[in-house]
Amino acid sequence: MSETAKNQVSTEPAAASDNASSRSGEIAPSAEYRGERDDSLRAHFRFVWVTLLVACALLEYGFDKSIVGSFQAMVGFLKVFGYEDPRVPAGWNIAAVPQQIISSFMLLGAFLSCFAAGPLGSYMGRRWCIVLGTGLLVASVTMMIVTTSLGLLYFSRLVMGFGNGLVMTFTMIYVAELSPAKLRGISYGFMTTWITGGSAIGLLIANATNNMDSKLCYQIPLYVLYAMPAVVVATIFFLPESPRWLLLNGKEEEALKALTWIRNGAYDKLALQSEFEEMRLNALHDLENQSLWLALDLFCGTNLRRTIVCLGIGCINPGIGAMFILAFGTYFFKMVGVVDPFKWIVLTQWIGVIGLLFAYYTLDRWGRRTLLLMGSTMCGLSMLALGIIFSVNGISKNTMSILIIFLVSWFQFWFNFSVVPTVYLTSGELPAQNLRAYTSGLSTGFGYVFGWLTTFTAPYFINPAELNWKGMYGYIWFGSTFLVVAFIWFMVPEVVGRSLEEIEEMFNKRVPTRDFPKYVSQNAEVARQEARKDLYGEKSGVMHVEGEKRV
């Protein structure tokens, strides 16, 4: 039994017997009894398995980012899509324009998919949107394997981005809408592990094939990408649809059935019905207040604040220079003379995986704001240090290589420990329920736009045939990190441990950013009274009331 449940039972002397009676439907428990909840991972093993299976699709995104960046340093790939260049260590290089398009078109496709996320999510549901995204991923991988044309390669990257945009958006939404409030953080940690782990595994495979002097050096890693969509498609039809989406579409019985299945006895009868009622009342509120043109609601009333916050959160990853490290890490290592760049970039990526494992413990304990502020600051400082060591004369080649590897590893650790999972988590839990697909899609798309700008412009700064700034490129990202930290400090509220409905209530009542942790939700009490009425035939008599601040 969770600590919360223990406390609830201890405040009501007759709780144990009342709870037993409520389960049998014979006698209603006392009015003070709020239901029994077990928020342990063991009690929610169904939810954990659903998260792990569905989030498997995210491995493709991380895998793709790492291997495509590595392709640009593979001789076998460069012989097909590049040119001979005696100025670089390998003797082969790729022009800046193809380099830009290969990396940036995936992000452009993901951005375009975000415009479709809202309408698709409203009418197709969360599961079918994930299936559609994985189908597009399979098509794009096939094109990349067979083509020797830059034109078709560019198109395949666009399709890959569109598919990844759908998968990223709806996997995050699906898990957020199934998750118990107190396990939402760790569930996003699980999902982010697939992204970071996918990058690490992709780099290992790319390292194993990079010395092949043929197309197989990049085709073999691409073949591996078929595995993830196969797992998702084989399992997702056995999983329930989001109960919150079902409620928005008037399917109350299916919603209760889905919620009952996913909770699997972790909550007793009253607690489960209370959670369902809170979802139902919130869905009714959203439906009553939405306009005919749902997308326009993003910029009206209290939704405007949510939209601005989520757009800013979507820009945190590119704003601290993450796309530079993720998309061009291997190429950067090679151009600055790091020996065995493939091996060292693999090491830095696995250090990021270690950082992510620490996030499991902190996501639901330290809070969203603390992690975002801490991680962004540390990543910015690593970029500053990278610029400084390339501005100082007299550093030996070996010392320089050690410093570069250390700083990239430092960046990877903090980025994966406190930025990546928190960014995805926060942008998924802040939107209004009826606008979640629209807002999350727009947030992801906005981040992809700035990520695209990074991948499009970075080659001009680091390519030896262009500006050749090398590590001094880090100064740009140190400067942009100031803006990121200021935005988090003033705009991002703390919502750790809150249900999605509580978060929406606080935004609807215009609670100041600093006061979110002190706010006491009243809608949850309304939902509990409605649940008692449904279960035991009691008269509720409770009206929707304004919340108050805890003193």
# chains A, B, ... in the order shown; residues from 1 in each chain; ligands from 1

$ residues_around --residues "Asn463 of chain A" --least-positions-apart "4" --cutoff "10 Å" --atoms "only C-alpha atoms" --output "PyMOL selection string"
chain A and resi 88+93-96+99+331-332+335-336+458-459+467-470

$ write_last_selection --atoms "N, CA and C atoms" --output "PDB file, in the first residue's frame"
ATOM      1  N   VAL A  88      40.220  16.713 -45.832  1.00  0.00           N
ATOM      2  CA  VAL A  88      39.678  16.081 -44.642  1.00  0.00           C
ATOM      3  C   VAL A  88      40.398  14.757 -44.389  1.00  0.00           C
ATOM      4  N   ASN A  93      34.334  13.894 -48.409  1.00  0.00           N
ATOM      5  CA  ASN A  93      33.523  14.889 -47.692  1.00  0.00           C
ATOM      6  C   ASN A  93      32.148  14.961 -48.353  1.00  0.00           C
ATOM      7  N   ILE A  94      31.266  15.701 -47.768  1.00  0.00           N
ATOM      8  CA  ILE A  94      29.940  15.922 -48.321  1.00  0.00           C
ATOM      9  C   ILE A  94      29.695  17.418 -48.365  1.00  0.00           C
ATOM     10  N   ALA A  95      29.089  17.890 -49.445  1.00  0.00           N
ATOM     11  CA  ALA A  95      28.835  19.318 -49.591  1.00  0.00           C
ATOM     12  C   ALA A  95      27.889  19.810 -48.509  1.00  0.00           C
ATOM     13  N   ALA A  96      27.996  21.096 -48.203  1.00  0.00           N
ATOM     14  CA  ALA A  96      27.194  21.655 -47.116  1.00  0.00           C
ATOM     15  C   ALA A  96      25.697  21.587 -47.401  1.00  0.00           C
ATOM     16  N   GLN A  99      24.302  18.109 -46.883  1.00  0.00           N
ATOM     17  CA  GLN A  99      24.434  17.885 -45.445  1.00  0.00           C
ATOM     18  C   GLN A  99      23.299  18.576 -44.694  1.00  0.00           C
ATOM     19  N   TYR A 331      30.494  13.923 -36.769  1.00  0.00           N
ATOM     20  CA  TYR A 331      31.148  14.732 -37.806  1.00  0.00           C
ATOM     21  C   TYR A 331      32.059  15.785 -37.158  1.00  0.00           C
ATOM     22  N   PHE A 332      31.580  16.415 -36.083  1.00  0.00           N
ATOM     23  CA  PHE A 332      32.361  17.425 -35.388  1.00  0.00           C
ATOM     24  C   PHE A 332      33.634  16.817 -34.809  1.00  0.00           C
ATOM     25  N   MET A 335      36.105  16.237 -37.648  1.00  0.00           N
ATOM     26  CA  MET A 335      36.666  17.450 -38.243  1.00  0.00           C
ATOM     27  C   MET A 335      37.663  18.149 -37.321  1.00  0.00           C
ATOM     28  N   VAL A 336      37.533  17.992 -36.000  1.00  0.00           N
ATOM     29  CA  VAL A 336      38.472  18.646 -35.080  1.00  0.00           C
ATOM     30  C   VAL A 336      39.628  17.733 -34.710  1.00  0.00           C
ATOM     31  N   ALA A 458      24.284  24.824 -38.982  1.00  0.00           N
ATOM     32  CA  ALA A 458      25.499  24.303 -38.340  1.00  0.00           C
ATOM     33  C   ALA A 458      26.608  23.945 -39.335  1.00  0.00           C
ATOM     34  N   PRO A 459      26.302  23.313 -40.489  1.00  0.00           N
ATOM     35  CA  PRO A 459      27.392  22.992 -41.421  1.00  0.00           C
ATOM     36  C   PRO A 459      28.205  24.203 -41.849  1.00  0.00           C
ATOM     37  N   LEU A 467      32.949  28.197 -42.783  1.00  0.00           N
ATOM     38  CA  LEU A 467      33.539  29.093 -41.788  1.00  0.00           C
ATOM     39  C   LEU A 467      34.587  28.407 -40.918  1.00  0.00           C
ATOM     40  N   ASN A 468      34.398  27.095 -40.669  1.00  0.00           N
ATOM     41  CA  ASN A 468      35.361  26.313 -39.886  1.00  0.00           C
ATOM     42  C   ASN A 468      35.589  26.907 -38.499  1.00  0.00           C
ATOM     43  N   TRP A 469      34.486  27.239 -37.794  1.00  0.00           N
ATOM     44  CA  TRP A 469      34.586  27.794 -36.441  1.00  0.00           C
ATOM     45  C   TRP A 469      35.025  26.753 -35.424  1.00  0.00           C
ATOM     46  N   LYS A 470      34.801  25.506 -35.721  1.00  0.00           N
ATOM     47  CA  LYS A 470      35.085  24.410 -34.787  1.00  0.00           C
ATOM     48  C   LYS A 470      34.323  24.634 -33.471  1.00  0.00           C
TER      49      LYS A 470
END

$ residues_around --residues "Ala57 of chain A" --least-positions-apart "2" --cutoff "12 Å" --atoms "only C-alpha atoms" --output "number ranges by chain"
A: 51-55, 59-64, 127, 130-135, 137-138, 163-172, 191-195, 197-198, 225-236

$ write_last_selection --atoms "C-alpha atoms" --output "PDB file, in the first residue's frame"
ATOM      1  CA  THR A  51       4.336   2.420 -21.528  1.00  0.00           C
ATOM      2  CA  LEU A  52       7.303   0.228 -22.408  1.00  0.00           C
ATOM      3  CA  LEU A  53       5.592  -1.367 -25.419  1.00  0.00           C
ATOM      4  CA  VAL A  54       4.156   1.803 -26.938  1.00  0.00           C
ATOM      5  CA  ALA A  55       7.276   3.853 -26.246  1.00  0.00           C
ATOM      6  CA  LEU A  59      13.552   4.150 -30.184  1.00  0.00           C
ATOM      7  CA  GLU A  60      13.335   4.770 -33.921  1.00  0.00           C
ATOM      8  CA  TYR A  61      13.611   8.529 -33.438  1.00  0.00           C
ATOM      9  CA  GLY A  62      16.727   8.277 -31.280  1.00  0.00           C
ATOM     10  CA  PHE A  63      18.214   5.577 -33.503  1.00  0.00           C
ATOM     11  CA  ASP A  64      17.652   7.639 -36.644  1.00  0.00           C
ATOM     12  CA  ARG A 127      -3.521   4.490 -31.002  1.00  0.00           C
ATOM     13  CA  ILE A 130       0.744   5.945 -33.611  1.00  0.00           C
ATOM     14  CA  VAL A 131       0.035   3.179 -36.153  1.00  0.00           C
ATOM     15  CA  LEU A 132      -0.058   5.721 -38.998  1.00  0.00           C
ATOM     16  CA  GLY A 133       3.253   7.182 -37.880  1.00  0.00           C
ATOM     17  CA  THR A 134       4.987   3.803 -37.739  1.00  0.00           C
ATOM     18  CA  GLY A 135       3.718   2.978 -41.239  1.00  0.00           C
ATOM     19  CA  LEU A 137       8.584   5.221 -40.812  1.00  0.00           C
ATOM     20  CA  VAL A 138       8.682   1.856 -42.588  1.00  0.00           C
ATOM     21  CA  GLY A 163       6.161   9.765 -39.273  1.00  0.00           C
ATOM     22  CA  ASN A 164       8.407  10.576 -36.327  1.00  0.00           C
ATOM     23  CA  GLY A 165       6.384  13.709 -35.586  1.00  0.00           C
ATOM     24  CA  LEU A 166       3.187  11.670 -35.287  1.00  0.00           C
ATOM     25  CA  VAL A 167       4.837   8.924 -33.237  1.00  0.00           C
ATOM     26  CA  MET A 168       6.529  11.371 -30.859  1.00  0.00           C
ATOM     27  CA  THR A 169       3.423  13.487 -30.311  1.00  0.00           C
ATOM     28  CA  PHE A 170       0.885  10.714 -29.822  1.00  0.00           C
ATOM     29  CA  THR A 171       3.071   8.345 -27.825  1.00  0.00           C
ATOM     30  CA  MET A 172       3.667  11.133 -25.310  1.00  0.00           C
ATOM     31  CA  MET A 191       9.873   6.719 -22.738  1.00  0.00           C
ATOM     32  CA  THR A 192      12.909   8.956 -22.927  1.00  0.00           C
ATOM     33  CA  THR A 193      15.075   5.906 -22.275  1.00  0.00           C
ATOM     34  CA  TRP A 194      13.880   4.520 -25.601  1.00  0.00           C
ATOM     35  CA  ILE A 195      14.994   7.729 -27.361  1.00  0.00           C
ATOM     36  CA  GLY A 197      18.889   4.209 -25.735  1.00  0.00           C
ATOM     37  CA  GLY A 198      18.009   4.216 -29.428  1.00  0.00           C
ATOM     38  CA  LEU A 225      14.958   0.211 -38.010  1.00  0.00           C
ATOM     39  CA  TYR A 226      12.309  -2.242 -39.232  1.00  0.00           C
ATOM     40  CA  ALA A 227      12.219  -3.945 -35.823  1.00  0.00           C
ATOM     41  CA  MET A 228      10.581  -1.161 -33.818  1.00  0.00           C
ATOM     42  CA  PRO A 229       7.475  -0.587 -35.980  1.00  0.00           C
ATOM     43  CA  ALA A 230       6.924  -4.365 -36.032  1.00  0.00           C
ATOM     44  CA  VAL A 231       6.767  -4.510 -32.222  1.00  0.00           C
ATOM     45  CA  VAL A 232       4.416  -1.527 -31.996  1.00  0.00           C
ATOM     46  CA  VAL A 233       1.971  -2.721 -34.654  1.00  0.00           C
ATOM     47  CA  ALA A 234       1.919  -6.254 -33.193  1.00  0.00           C
ATOM     48  CA  THR A 235       0.944  -5.033 -29.707  1.00  0.00           C
ATOM     49  CA  ILE A 236      -0.953  -1.760 -29.897  1.00  0.00           C
TER      50      ILE A 236
END

$ atom_distance --atom1 "atom CA of Ser66 of chain A" --atom2 "atom CA of Gly428 of chain A"
24.5 Å

$ closest_residue --among "A:Val449, A:Met212, A:Val141, A:Ala271" --to "Cys315 of chain A" --atoms "only C-alpha atoms"
A:Val449

$ select_by_dssp --residues "segment 35-148 of chain A" --states "strand (DSSP E)" --output "PyMOL selection string"
chain A and resi 83-84+92-93

$ closest_residue --among "A:Val80, A:Ile462, A:Met374, A:Ala258" --to "Phe328 of chain A" --atoms "only C-alpha atoms"
A:Ile462

$ closest_residue --among "A:Thr196, A:Ser427, A:Gln433, A:Asn416" --to "Gln290 of chain A" --atoms "only C-alpha atoms"
A:Gln433

$ closest_residue --among "A:Val484, A:Ala43, A:Leu222, A:Leu384" --to "Ile313 of chain A" --atoms "only C-alpha atoms"
A:Val484

$ closest_atom_pairs --of "segment 476-508 of chain A" --to "segment 316-320 of chain A" --cutoff "8 Å" --atoms "only C-alpha atoms" --output "JSON lines"
{"residue": "A:Trp477", "atom": "CA", "partner": "A:Ile320", "partner_atom": "CA", "distance": 5.6}
{"residue": "A:Phe478", "atom": "CA", "partner": "A:Ile320", "partner_atom": "CA", "distance": 7.1}
{"residue": "A:Ser480", "atom": "CA", "partner": "A:Gly319", "partner_atom": "CA", "distance": 5.9}
{"residue": "A:Thr481", "atom": "CA", "partner": "A:Ile320", "partner_atom": "CA", "distance": 5.1}
{"residue": "A:Val484", "atom": "CA", "partner": "A:Ile316", "partner_atom": "CA", "distance": 6.1}

$ select_by_dssp --residues "segment 66-112 of chain A" --states "helix (DSSP H, G or I)" --output "count of residues only"
30

$ residues_around --residues "segment 495-507 of chain A" --least-positions-apart "2" --cutoff "6 Å" --atoms "only C-alpha atoms" --output "PDB file with N, CA and C atoms, in the first residue's frame"
ATOM      1  N   ALA A 181      -1.210  10.222 -11.697  1.00  0.00           N
ATOM      2  CA  ALA A 181      -0.490  11.483 -11.513  1.00  0.00           C
ATOM      3  C   ALA A 181       0.892  11.279 -10.906  1.00  0.00           C
ATOM      4  N   LYS A 182       1.001  10.368  -9.932  1.00  0.00           N
ATOM      5  CA  LYS A 182       2.266  10.205  -9.215  1.00  0.00           C
ATOM      6  C   LYS A 182       3.274   9.334  -9.965  1.00  0.00           C
ATOM      7  N   GLY A 367      10.955  17.979  -8.959  1.00  0.00           N
ATOM      8  CA  GLY A 367      10.089  18.936  -9.629  1.00  0.00           C
ATOM      9  C   GLY A 367      10.585  19.311 -11.007  1.00  0.00           C
ATOM     10  N   ALA A 432      -4.775  21.868 -22.212  1.00  0.00           N
ATOM     11  CA  ALA A 432      -6.162  21.485 -21.924  1.00  0.00           C
ATOM     12  C   ALA A 432      -6.449  20.147 -22.586  1.00  0.00           C
ATOM     13  N   LYS A 509      -8.200  28.980 -13.776  1.00  0.00           N
ATOM     14  CA  LYS A 509      -8.430  29.961 -12.719  1.00  0.00           C
ATOM     15  C   LYS A 509      -7.288  30.966 -12.599  1.00  0.00           C
ATOM     16  N   ARG A 510      -6.399  30.943 -13.628  1.00  0.00           N
ATOM     17  CA  ARG A 510      -5.334  31.951 -13.758  1.00  0.00           C
ATOM     18  C   ARG A 510      -4.433  32.021 -12.522  1.00  0.00           C
ATOM     19  N   VAL A 511      -4.101  30.895 -11.971  1.00  0.00           N
ATOM     20  CA  VAL A 511      -3.191  30.845 -10.827  1.00  0.00           C
ATOM     21  C   VAL A 511      -1.810  31.305 -11.278  1.00  0.00           C
TER      22      VAL A 511
END

$ atom_distance --atom1 "atom CA of Trp350 of chain A" --atom2 "atom CA of Val50 of chain A"
25.1 Å

$ residues_around --residues "segment 298-311 of chain A" --least-positions-apart "6" --cutoff "9 Å" --atoms "only C-alpha atoms" --output "JSON, numbers by chain"
{"A": [426, 427, 428, 430, 431, 432, 435, 438, 439, 440, 442, 443, 444, 445, 446, 447, 487, 488, 491, 492, 507, 508, 509, 510]}

$ write_last_selection --atoms "C-alpha atoms" --output "mmCIF file, in the first residue's frame"
data_model
loop_
_atom_site.group_PDB
_atom_site.id
_atom_site.type_symbol
_atom_site.label_atom_id
_atom_site.label_comp_id
_atom_site.auth_asym_id
_atom_site.auth_seq_id
_atom_site.Cartn_x
_atom_site.Cartn_y
_atom_site.Cartn_z
ATOM 1 C CA THR A 426 5.910 19.160 -19.135
ATOM 2 C CA SER A 427 4.745 19.882 -22.676
ATOM 3 C CA GLY A 428 2.492 16.804 -22.457
ATOM 4 C CA LEU A 430 0.139 21.321 -19.347
ATOM 5 C CA PRO A 431 -2.374 21.558 -22.268
ATOM 6 C CA ALA A 432 -6.162 21.485 -21.924
ATOM 7 C CA LEU A 435 -6.521 20.710 -27.071
ATOM 8 C CA TYR A 438 -3.093 20.481 -30.919
ATOM 9 C CA THR A 439 -0.919 22.019 -28.210
ATOM 10 C CA SER A 440 1.557 19.148 -27.907
ATOM 11 C CA LEU A 442 2.459 22.651 -31.953
ATOM 12 C CA SER A 443 5.003 22.542 -29.121
ATOM 13 C CA THR A 444 6.887 19.669 -30.736
ATOM 14 C CA GLY A 445 6.685 21.368 -34.123
ATOM 15 C CA PHE A 446 7.975 24.664 -32.766
ATOM 16 C CA GLY A 447 10.956 22.823 -31.314
ATOM 17 C CA PHE A 487 11.873 31.659 -19.759
ATOM 18 C CA ILE A 488 11.835 28.668 -17.403
ATOM 19 C CA MET A 491 6.910 31.077 -17.145
ATOM 20 C CA VAL A 492 7.067 27.345 -16.329
ATOM 21 C CA PHE A 507 -4.708 27.413 -15.643
ATOM 22 C CA ASN A 508 -8.438 28.038 -16.004
ATOM 23 C CA LYS A 509 -8.430 29.961 -12.719
ATOM 24 C CA ARG A 510 -5.334 31.951 -13.758
#
